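Colleague: Handing you this structure, nothing more for now.
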Amino acid sequence: MTDKSCKTPRWRLLKAQLNNLLPADLIRQFQATEDGILIDVRTPEEFALGHIPKAINISYLADNFWDQMEQLSADKKIFVYCRTGRRSIRACTLMRNGGFDNELLFNLEGGYARWLEEIS
């Protein structure tokens with residue numbers, strides 16, 4: 001017998017616990033935040049092909065990802081994105097679980113791909 005119940009993918013459950021912003025809202029909030037940090041968690045190769053202005057690259061796939069995140073100021077607003085939103089959800093969840101204040105942590109809904117469609 002096949003289980004026909006509706007199962008929500010884990011990434012959607014994790015995403016629901018985050019502050020998710022659409023591109024225009026993320027850019028507006030980032031620009032209004034004097035010392036906010038905008039982090040692109042894609043690989044350096046992806047980052048080199050294009051990124052949101054003023055973003056810094058800290059690859060989620062790098063061996064020293066968490067070491068780099070720990071160097072960030074935990075009392076500043078941090079805006080995180082990747083290509084489609086999956087890695088940034090994981091990065092934000094890891095940061096939240098690692099002690100970053102969820103109220104200061106923001107995930108870009110749909111990632112850089114959505115930003116390109118709506119902003120650029």
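Each chain in the structure tokens gets a letter, A, B, ..., in the order shown, and its residues are numbered from 1; ligands are numbered from 1 in order too.
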Contacts of Pro44 of chain A at 7 Å or less, counting only C-alpha atoms, minus same-chain residues fewer than 3 places along, as a list in words?
Modeller: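 The contact residues come out as Phe47, Ala48, Asn57 and Ser59 of chain A.
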Colleague: Could you save those same residues with C-alpha atoms as a short mmCIF file (atom, residue, chain, number, x, y, z; two decimals), in the first residue's frame?
Modeller:
data_model
loop_
_atom_site.label_atom_id
_atom_site.label_comp_id
_atom_site.auth_asym_id
_atom_site.auth_seq_id
_atom_site.Cartn_x
_atom_site.Cartn_y
_atom_site.Cartn_z
CA PHE A 47 29.95 34.63 -7.75
CA ALA A 48 32.44 35.66 -10.47
CA ASN A 57 31.18 35.68 -1.17
CA SER A 59 30.72 29.68 -0.22
#
Colleague: List the spatial neighbours of Gly99 of chain A as a short mmCIF file (atom, residue, chain, number, x, y, z; two decimals) with N, CA and C atoms, in the first residue's frame - criterion: any atom at most 12 Å away, only C-alpha atoms, same-chain residues fewer than 6 positions off excluded.
Modeller:
data_model
loop_
_atom_site.label_atom_id
_atom_site.label_comp_id
_atom_site.auth_asym_id
_atom_site.auth_seq_id
_atom_site.Cartn_x
_atom_site.Cartn_y
_atom_site.Cartn_z
N TRP A 66 31.86 27.61 8.02
CA TRP A 66 31.45 28.02 9.37
C TRP A 66 32.50 28.92 10.02
N MET A 69 31.82 32.33 8.78
CA MET A 69 30.59 32.88 9.35
C MET A 69 30.80 33.35 10.78
N GLU A 70 31.60 32.60 11.53
CA GLU A 70 31.86 32.97 12.93
C GLU A 70 32.61 34.30 13.04
N LEU A 72 31.81 36.95 11.42
CA LEU A 72 30.84 38.02 11.21
C LEU A 72 30.31 38.53 12.54
N SER A 73 29.93 39.78 12.55
CA SER A 73 29.35 40.38 13.74
C SER A 73 27.92 39.87 13.91
N ALA A 74 27.64 39.24 15.02
CA ALA A 74 26.32 38.66 15.26
C ALA A 74 25.26 39.70 15.59
N ASP A 75 25.65 40.96 15.78
CA ASP A 75 24.67 41.99 16.12
C ASP A 75 24.28 42.85 14.92
N CYS A 92 21.31 29.85 6.39
CA CYS A 92 20.59 30.60 7.43
C CYS A 92 20.21 29.70 8.59
N THR A 93 19.79 28.48 8.28
CA THR A 93 19.43 27.53 9.34
C THR A 93 20.64 27.20 10.18
N LEU A 105 18.53 37.89 10.70
CA LEU A 105 18.94 37.03 9.60
C LEU A 105 17.84 36.97 8.55
#
Colleague: Report, in Å to a single decimal, how far apart atom CA of Gln17 of chain A and atom CA of Lys77 of chain A are.
Modeller: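 That distance, rounded to one decimal, is 16.7 Å.
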Colleague: Between A:Ala16, A:Ile119, A:Leu26, A:Ile78, which has the minimum distance to Ile39 of chain A (counting only C-alpha atoms)?
Modeller: A:Ile78
Colleague: Point out the residue among A:Leu13, A:Leu61, A:Gln29, A:Ile52 with the least atom-to-atom distance to Phe106 of chain A, counting only C-alpha atoms.
Modeller: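 Of all the options, A:Gln29 lies closest to Phe106 of chain A.
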Colleague: Between atom CA of Leu116 of chain A and atom CA of Leu21 of chain A, what is the distance, to one decimal in Å?
Modeller: 14.6 Å
Colleague: Check the smallest atom-to-atom distance from each of A:Lys76, A:Thr84, A:Glu109, A:Arg114 to Thr33 of chain A using only C-alpha atoms, then report the winner.
Modeller: A:Lys76
Colleague: Would you compute the distance between atom CA of Gly98 of chain A and atom CA of Gly50 of chain A? Give it in Å to one decimal.
Modeller: 28.8 Å
